[in-house]
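Participant: There's a structure below that I have some questions on.
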Amino acid sequence: MLAFMDSAKSEELKNAQVVLDKLIYQRDAGNLPPDRPHAFIYFLTIRNLSDRRFTLLGRKWILDYADGKTEVIEGDKIVGETPTLAPGEEFSYNSYHVTAINTIARGSFHGVDEFDKLVYVKIPPFEMIIPENPTATAD
Amino acid sequence: MDSTITITANGQARTVRVGCTLPELLAGLRLAPERVVVERNGAALTPTEARTTVLADGDKLEIVRLVPGG
């Protein structure tokens with residue numbers, strides 16, 4: 001686990017918000033691994049509705065697969081960036097998950113606030129449901 | 001007959017020649033087709049559709065780069 005992701009030492013920023021703006025399904029996009037041909041491109045906005053500035057240093061995703069398995073993915077930065085959000089500011093980006101089966105994604109963004117305290121913002125769960133006709137696309 | 005049409009890509013109006021394909025547009029934008037997903041008039045195109053789409057006047061495209069690490 002990355003040091004700044006220790007939730008036991010970190011405070012949840014309840015006044016920060018993560019919103020799923022859009023979800024695009026795509027089969028066989030790009031150079032996807034053959035065993036995970038279904039891509040879900042998500043568009044997220046992180047809003048700082050708190051009264052303090054914070055900088056996000058990384059992300060943690062928890063993927064709950066329909067077969068009962070769970071995968072945890074952690075990484076430095078967010079699409080290569082470490083966004084700093086003053087009160088009232090927001091950061092939007094898009095990235096993607098790949099899967100073989102229906103999946104629920106949830107997680108958190110982790111960083112430090114202006115007082116150098118470890119903080120995190122929860123990512124609310126969203127479903128990635130593979131369309132019945134996988135050649136079609138879904139929004 | 002006009003030899004050009006106007007499409008909108010990521011909110012920006014662009015004039016292209018009649019018969020211009022999506023791969024040609026992406027090449028002109030220096031975007032690798034395998035690194036993007038394209039929504040055409042609100043619907044995401046499959047890779048096969050993206051390879052064969054001929055643009056039409058008034059098309060609204062959203063070209064989304066596949067960005068890992070988020």
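Ordered as shown in the structure tokens, chains take letters A, B, and onward, while each chain numbers its residues from 1 and ligands are numbered from 1 in the order shown.
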Please report as a Markdown table every residue of range 51-72 of chain A lying within 6 Å of range 91-113 of chain A, along with the nearest atom pair and their distance in Å (one decimal), using only C-alpha atoms.

Facilitator:
| residue | atom | partner | partner_atom | distance |
| --- | --- | --- | --- | --- |
| A:Arg53 | CA | A:Asp113 | CA | 5.7 |
| A:Phe54 | CA | A:Asp113 | CA | 3.9 |
| A:Thr55 | CA | A:Gly111 | CA | 5.4 |
| A:Leu56 | CA | A:Gly111 | CA | 4.1 |
| A:Leu57 | CA | A:Gly111 | CA | 4.7 |
| A:Gly58 | CA | A:His110 | CA | 5.4 |
| A:Arg59 | CA | A:Phe109 | CA | 4.4 |
| A:Lys60 | CA | A:Ser108 | CA | 5.3 |
| A:Trp61 | CA | A:Gly107 | CA | 4.3 |
| A:Ile62 | CA | A:Arg106 | CA | 5.3 |
| A:Leu63 | CA | A:Ala105 | CA | 4.7 |
| A:Asp64 | CA | A:Ile104 | CA | 5.1 |
| A:Tyr65 | CA | A:Thr103 | CA | 4.4 |
| A:Ala66 | CA | A:Asn102 | CA | 5.4 |

Participant: Filtering to N, CA and C atoms, could you give me those residues as an mmCIF file, in the first residue's frame?

Facilitator:
data_model
loop_
_atom_site.group_PDB
_atom_site.id
_atom_site.type_symbol
_atom_site.label_atom_id
_atom_site.label_comp_id
_atom_site.auth_asym_id
_atom_site.auth_seq_id
_atom_site.Cartn_x
_atom_site.Cartn_y
_atom_site.Cartn_z
ATOM 1 N N ARG A 53 -7.850 23.606 1.316
ATOM 2 C CA ARG A 53 -7.227 23.158 0.074
ATOM 3 C C ARG A 53 -6.639 21.771 0.273
ATOM 4 N N PHE A 54 -6.704 20.937 -0.749
ATOM 5 C CA PHE A 54 -6.027 19.642 -0.669
ATOM 6 C C PHE A 54 -5.431 19.282 -2.022
ATOM 7 N N THR A 55 -4.449 18.416 -1.951
ATOM 8 C CA THR A 55 -3.773 17.912 -3.150
ATOM 9 C C THR A 55 -3.939 16.405 -3.201
ATOM 10 N N LEU A 56 -4.400 15.906 -4.308
ATOM 11 C CA LEU A 56 -4.596 14.463 -4.457
ATOM 12 C C LEU A 56 -3.339 13.837 -5.061
ATOM 13 N N LEU A 57 -2.883 12.775 -4.425
ATOM 14 C CA LEU A 57 -1.610 12.157 -4.806
ATOM 15 C C LEU A 57 -1.782 10.799 -5.475
ATOM 16 N N GLY A 58 -2.956 10.210 -5.306
ATOM 17 C CA GLY A 58 -3.140 8.892 -5.910
ATOM 18 C C GLY A 58 -4.561 8.412 -5.762
ATOM 19 N N ARG A 59 -4.781 7.199 -6.269
ATOM 20 C CA ARG A 59 -6.141 6.669 -6.248
ATOM 21 C C ARG A 59 -6.117 5.196 -5.902
ATOM 22 N N LYS A 60 -7.244 4.766 -5.349
ATOM 23 C CA LYS A 60 -7.430 3.357 -5.006
ATOM 24 C C LYS A 60 -8.789 2.930 -5.549
ATOM 25 N N TRP A 61 -8.767 1.914 -6.368
ATOM 26 C CA TRP A 61 -10.015 1.375 -6.902
ATOM 27 C C TRP A 61 -10.255 -0.015 -6.316
ATOM 28 N N ILE A 62 -11.501 -0.271 -5.972
ATOM 29 C CA ILE A 62 -11.910 -1.603 -5.539
ATOM 30 C C ILE A 62 -12.942 -2.084 -6.550
ATOM 31 N N LEU A 63 -12.593 -3.153 -7.256
ATOM 32 C CA LEU A 63 -13.468 -3.681 -8.301
ATOM 33 C C LEU A 63 -14.090 -4.980 -7.813
ATOM 34 N N ASP A 64 -15.403 -4.955 -7.651
ATOM 35 C CA ASP A 64 -16.149 -6.140 -7.231
ATOM 36 C C ASP A 64 -16.746 -6.796 -8.463
ATOM 37 N N TYR A 65 -16.220 -7.963 -8.795
ATOM 38 C CA TYR A 65 -16.660 -8.663 -9.994
ATOM 39 C C TYR A 65 -17.880 -9.533 -9.691
ATOM 40 N N ALA A 66 -18.652 -9.776 -10.735
ATOM 41 C CA ALA A 66 -19.905 -10.526 -10.575
ATOM 42 C C ALA A 66 -19.670 -11.967 -10.143
#

Participant: Once you count only C-alpha atoms, which residues of chain A turn out to be within 10 Å of chain B? Could you give them as a VMD selection string?

Facilitator: chain A and resid 24 to 32 39 41 to 44 58 to 61 73 to 81 93 to 97 109 134 to 139

Participant: Here is a test: counting only C-alpha atoms, which residue of B:Gly28, B:Gly19, B:Thr52, B:Ile63 is nearest to Arg40 in chain B?

Facilitator: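 Ranked by minimum distance to Arg40 in chain B, first place goes to B:Ile63.
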
Participant: Could you name the residues that touch range 13-18 of chain A at 8 Å or less, counting only C-alpha atoms, but leaving out those on the same chain fewer than 3 positions away, as number ranges by chain?

Facilitator: A: 44-50, 119-124

Participant: Run DSSP on the backbone and grab whatever in chain A lands in strand (DSSP E); send it over as a VMD selection string.

Facilitator: chain A and resid 11 to 12 16 to 27 38 to 48 54 to 65 70 to 76 84 to 85 90 to 99 103 to 113 118 to 128

Participant: How would the residues just chosen look if you wrote them out with C-alpha atoms as a PDB file, in the first residue's frame?

Facilitator:
ATOM      1  CA  GLU A  11      -9.297  11.655   7.406  1.00  0.00           C
ATOM      2  CA  GLU A  12     -12.237  11.372   5.061  1.00  0.00           C
ATOM      3  CA  ALA A  16     -15.519  16.766  -1.054  1.00  0.00           C
ATOM      4  CA  GLN A  17     -17.530  15.053  -3.722  1.00  0.00           C
ATOM      5  CA  VAL A  18     -16.845  12.685  -6.578  1.00  0.00           C
ATOM      6  CA  VAL A  19     -19.450  12.568  -9.328  1.00  0.00           C
ATOM      7  CA  LEU A  20     -19.637  10.133 -12.242  1.00  0.00           C
ATOM      8  CA  ASP A  21     -20.451  12.429 -15.145  1.00  0.00           C
ATOM      9  CA  LYS A  22     -20.584   9.800 -17.840  1.00  0.00           C
ATOM     10  CA  LEU A  23     -19.815   6.166 -18.561  1.00  0.00           C
ATOM     11  CA  ILE A  24     -19.119   4.844 -22.058  1.00  0.00           C
ATOM     12  CA  TYR A  25     -18.987   1.159 -22.894  1.00  0.00           C
ATOM     13  CA  GLN A  26     -16.645  -0.011 -25.581  1.00  0.00           C
ATOM     14  CA  ARG A  27     -15.747  -3.520 -26.673  1.00  0.00           C
ATOM     15  CA  HIS A  38     -14.884  -4.833 -22.200  1.00  0.00           C
ATOM     16  CA  ALA A  39     -13.803  -1.272 -21.511  1.00  0.00           C
ATOM     17  CA  PHE A  40     -15.799   1.236 -19.518  1.00  0.00           C
ATOM     18  CA  ILE A  41     -14.586   4.780 -19.941  1.00  0.00           C
ATOM     19  CA  TYR A  42     -15.604   6.833 -16.939  1.00  0.00           C
ATOM     20  CA  PHE A  43     -15.679  10.596 -16.607  1.00  0.00           C
ATOM     21  CA  LEU A  44     -15.314  11.826 -13.041  1.00  0.00           C
ATOM     22  CA  THR A  45     -15.444  15.234 -11.422  1.00  0.00           C
ATOM     23  CA  ILE A  46     -13.907  15.785  -7.992  1.00  0.00           C
ATOM     24  CA  ARG A  47     -15.343  18.835  -6.248  1.00  0.00           C
ATOM     25  CA  ASN A  48     -13.854  20.470  -3.188  1.00  0.00           C
ATOM     26  CA  PHE A  54      -6.027  19.642  -0.669  1.00  0.00           C
ATOM     27  CA  THR A  55      -3.773  17.912  -3.150  1.00  0.00           C
ATOM     28  CA  LEU A  56      -4.596  14.463  -4.457  1.00  0.00           C
ATOM     29  CA  LEU A  57      -1.610  12.157  -4.806  1.00  0.00           C
ATOM     30  CA  GLY A  58      -3.140   8.892  -5.910  1.00  0.00           C
ATOM     31  CA  ARG A  59      -6.141   6.669  -6.248  1.00  0.00           C
ATOM     32  CA  LYS A  60      -7.430   3.357  -5.006  1.00  0.00           C
ATOM     33  CA  TRP A  61     -10.015   1.375  -6.902  1.00  0.00           C
ATOM     34  CA  ILE A  62     -11.910  -1.603  -5.539  1.00  0.00           C
ATOM     35  CA  LEU A  63     -13.468  -3.681  -8.301  1.00  0.00           C
ATOM     36  CA  ASP A  64     -16.149  -6.140  -7.231  1.00  0.00           C
ATOM     37  CA  TYR A  65     -16.660  -8.663  -9.994  1.00  0.00           C
ATOM     38  CA  THR A  70     -12.541  -8.454  -5.689  1.00  0.00           C
ATOM     39  CA  GLU A  71      -9.534  -6.673  -7.081  1.00  0.00           C
ATOM     40  CA  VAL A  72      -7.815  -3.669  -5.529  1.00  0.00           C
ATOM     41  CA  ILE A  73      -5.832  -1.331  -7.753  1.00  0.00           C
ATOM     42  CA  GLU A  74      -3.711   1.437  -6.283  1.00  0.00           C
ATOM     43  CA  GLY A  75      -1.579   3.945  -8.059  1.00  0.00           C
ATOM     44  CA  ASP A  76       0.326   7.172  -7.766  1.00  0.00           C
ATOM     45  CA  THR A  84      -4.597  20.736  -6.022  1.00  0.00           C
ATOM     46  CA  LEU A  85      -8.120  21.914  -5.309  1.00  0.00           C
ATOM     47  CA  GLU A  90     -13.056  20.962  -9.156  1.00  0.00           C
ATOM     48  CA  PHE A  91     -11.027  18.581 -11.281  1.00  0.00           C
ATOM     49  CA  SER A  92     -12.482  16.514 -14.118  1.00  0.00           C
ATOM     50  CA  TYR A  93     -10.828  13.712 -16.016  1.00  0.00           C
ATOM     51  CA  ASN A  94     -11.532  10.470 -17.793  1.00  0.00           C
ATOM     52  CA  SER A  95      -9.921   7.081 -17.659  1.00  0.00           C
ATOM     53  CA  TYR A  96     -11.135   3.508 -17.973  1.00  0.00           C
ATOM     54  CA  HIS A  97     -11.513   0.095 -16.407  1.00  0.00           C
ATOM     55  CA  VAL A  98     -11.375  -3.146 -18.355  1.00  0.00           C
ATOM     56  CA  THR A  99     -13.232  -6.262 -17.340  1.00  0.00           C
ATOM     57  CA  THR A 103     -18.357  -5.209 -12.228  1.00  0.00           C
ATOM     58  CA  ILE A 104     -19.023  -2.626  -9.563  1.00  0.00           C
ATOM     59  CA  ALA A 105     -16.295  -0.019  -9.169  1.00  0.00           C
ATOM     60  CA  ARG A 106     -15.739   2.033  -6.035  1.00  0.00           C
ATOM     61  CA  GLY A 107     -12.753   3.527  -4.358  1.00  0.00           C
ATOM     62  CA  SER A 108     -11.095   6.658  -3.095  1.00  0.00           C
ATOM     63  CA  PHE A 109      -8.692   9.431  -3.937  1.00  0.00           C
ATOM     64  CA  HIS A 110      -5.921  10.071  -1.445  1.00  0.00           C
ATOM     65  CA  GLY A 111      -3.745  13.055  -0.691  1.00  0.00           C
ATOM     66  CA  VAL A 112      -2.847  15.752   1.800  1.00  0.00           C
ATOM     67  CA  ASP A 113      -4.615  18.898   2.882  1.00  0.00           C
ATOM     68  CA  LEU A 118      -3.571  12.805   5.126  1.00  0.00           C
ATOM     69  CA  VAL A 119      -7.045  12.962   3.640  1.00  0.00           C
ATOM     70  CA  TYR A 120      -9.153  10.925   1.285  1.00  0.00           C
ATOM     71  CA  VAL A 121     -12.313  11.332  -0.758  1.00  0.00           C
ATOM     72  CA  LYS A 122     -14.578   8.394  -1.444  1.00  0.00           C
ATOM     73  CA  ILE A 123     -15.589   7.445  -4.967  1.00  0.00           C
ATOM     74  CA  PRO A 124     -19.194   6.281  -4.834  1.00  0.00           C
ATOM     75  CA  PRO A 125     -19.856   2.901  -6.428  1.00  0.00           C
ATOM     76  CA  PHE A 126     -20.983   2.649 -10.019  1.00  0.00           C
ATOM     77  CA  GLU A 127     -21.989  -0.363 -12.057  1.00  0.00           C
ATOM     78  CA  MET A 128     -20.301  -1.462 -15.245  1.00  0.00           C
TER      79      MET A 128
END

Participant: Need to verify the contact set: Thr6 in chain B, 7 Å, only C-alpha atoms, exclusion of same-chain residues closer than 6 positions in sequence. Can you return it as an MDAnalysis selection string?

Facilitator: chainID B and resid 13:16 57:58

Participant: Could the residues in this selection be saved with C-alpha atoms as a PDB file, in the first residue's frame?

Facilitator:
ATOM      1  CA  ALA B  13     -16.492  23.289 -35.864  1.00  0.00           C
ATOM      2  CA  ARG B  14     -14.364  21.816 -38.643  1.00  0.00           C
ATOM      3  CA  THR B  15     -14.704  21.801 -42.396  1.00  0.00           C
ATOM      4  CA  VAL B  16     -13.782  18.554 -44.116  1.00  0.00           C
ATOM      5  CA  ASP B  57     -22.647  17.138 -42.608  1.00  0.00           C
ATOM      6  CA  GLY B  58     -23.614  18.232 -39.116  1.00  0.00           C
TER       7      GLY B  58
END

Participant: Taking the backbone alone, and naming residues the way the document does, which bits of chain B are alpha helix (DSSP H) by DSSP, as an NGL selection string?

Facilitator: :B and (22-28 or 47-52)

Participant: Can those selected residues be exported to a file as a PDB file, in the first residue's frame so that it contains N, CA and C atoms?

Facilitator:
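Writing the result to out_29.pdb gives the following:
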ATOM      1  N   LEU B  22     -13.815   8.863 -40.762  1.00  0.00           N
ATOM      2  CA  LEU B  22     -13.367   9.141 -39.394  1.00  0.00           C
ATOM      3  C   LEU B  22     -11.876   8.862 -39.224  1.00  0.00           C
ATOM      4  N   PRO B  23     -11.348   7.741 -39.741  1.00  0.00           N
ATOM      5  CA  PRO B  23      -9.898   7.539 -39.612  1.00  0.00           C
ATOM      6  C   PRO B  23      -9.088   8.666 -40.254  1.00  0.00           C
ATOM      7  N   GLU B  24      -9.572   9.214 -41.358  1.00  0.00           N
ATOM      8  CA  GLU B  24      -8.854  10.324 -41.980  1.00  0.00           C
ATOM      9  C   GLU B  24      -8.876  11.564 -41.081  1.00  0.00           C
ATOM     10  N   LEU B  25     -10.041  11.796 -40.462  1.00  0.00           N
ATOM     11  CA  LEU B  25     -10.124  12.946 -39.549  1.00  0.00           C
ATOM     12  C   LEU B  25      -9.163  12.748 -38.380  1.00  0.00           C
ATOM     13  N   LEU B  26      -9.161  11.540 -37.807  1.00  0.00           N
ATOM     14  CA  LEU B  26      -8.285  11.276 -36.666  1.00  0.00           C
ATOM     15  C   LEU B  26      -6.819  11.424 -37.064  1.00  0.00           C
ATOM     16  N   ALA B  27      -6.494  10.964 -38.254  1.00  0.00           N
ATOM     17  CA  ALA B  27      -5.106  11.101 -38.712  1.00  0.00           C
ATOM     18  C   ALA B  27      -4.731  12.582 -38.821  1.00  0.00           C
ATOM     19  N   GLY B  28      -5.682  13.377 -39.304  1.00  0.00           N
ATOM     20  CA  GLY B  28      -5.425  14.811 -39.415  1.00  0.00           C
ATOM     21  C   GLY B  28      -5.239  15.482 -38.069  1.00  0.00           C
ATOM     22  N   PRO B  47     -15.153  -0.193 -32.496  1.00  0.00           N
ATOM     23  CA  PRO B  47     -13.943  -0.049 -33.331  1.00  0.00           C
ATOM     24  C   PRO B  47     -14.219  -0.304 -34.804  1.00  0.00           C
ATOM     25  N   THR B  48     -15.071  -1.302 -35.094  1.00  0.00           N
ATOM     26  CA  THR B  48     -15.391  -1.583 -36.497  1.00  0.00           C
ATOM     27  C   THR B  48     -16.118  -0.402 -37.131  1.00  0.00           C
ATOM     28  N   GLU B  49     -17.088   0.136 -36.408  1.00  0.00           N
ATOM     29  CA  GLU B  49     -17.812   1.300 -36.938  1.00  0.00           C
ATOM     30  C   GLU B  49     -16.860   2.476 -37.137  1.00  0.00           C
ATOM     31  N   ALA B  50     -15.961   2.658 -36.180  1.00  0.00           N
ATOM     32  CA  ALA B  50     -15.043   3.800 -36.267  1.00  0.00           C
ATOM     33  C   ALA B  50     -14.144   3.688 -37.487  1.00  0.00           C
ATOM     34  N   ARG B  51     -13.794   2.454 -37.861  1.00  0.00           N
ATOM     35  CA  ARG B  51     -12.907   2.267 -39.010  1.00  0.00           C
ATOM     36  C   ARG B  51     -13.609   2.542 -40.333  1.00  0.00           C
ATOM     37  N   THR B  52     -14.953   2.461 -40.324  1.00  0.00           N
ATOM     38  CA  THR B  52     -15.672   2.524 -41.599  1.00  0.00           C
ATOM     39  C   THR B  52     -16.604   3.735 -41.720  1.00  0.00           C
TER      40      THR B  52
END

Participant: Record the distance separating CA of Glu132 in chain A and CA of Thr53 in chain B, expressed in Å with one decimal.

Facilitator: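 A separation of 23.5 Å between them.
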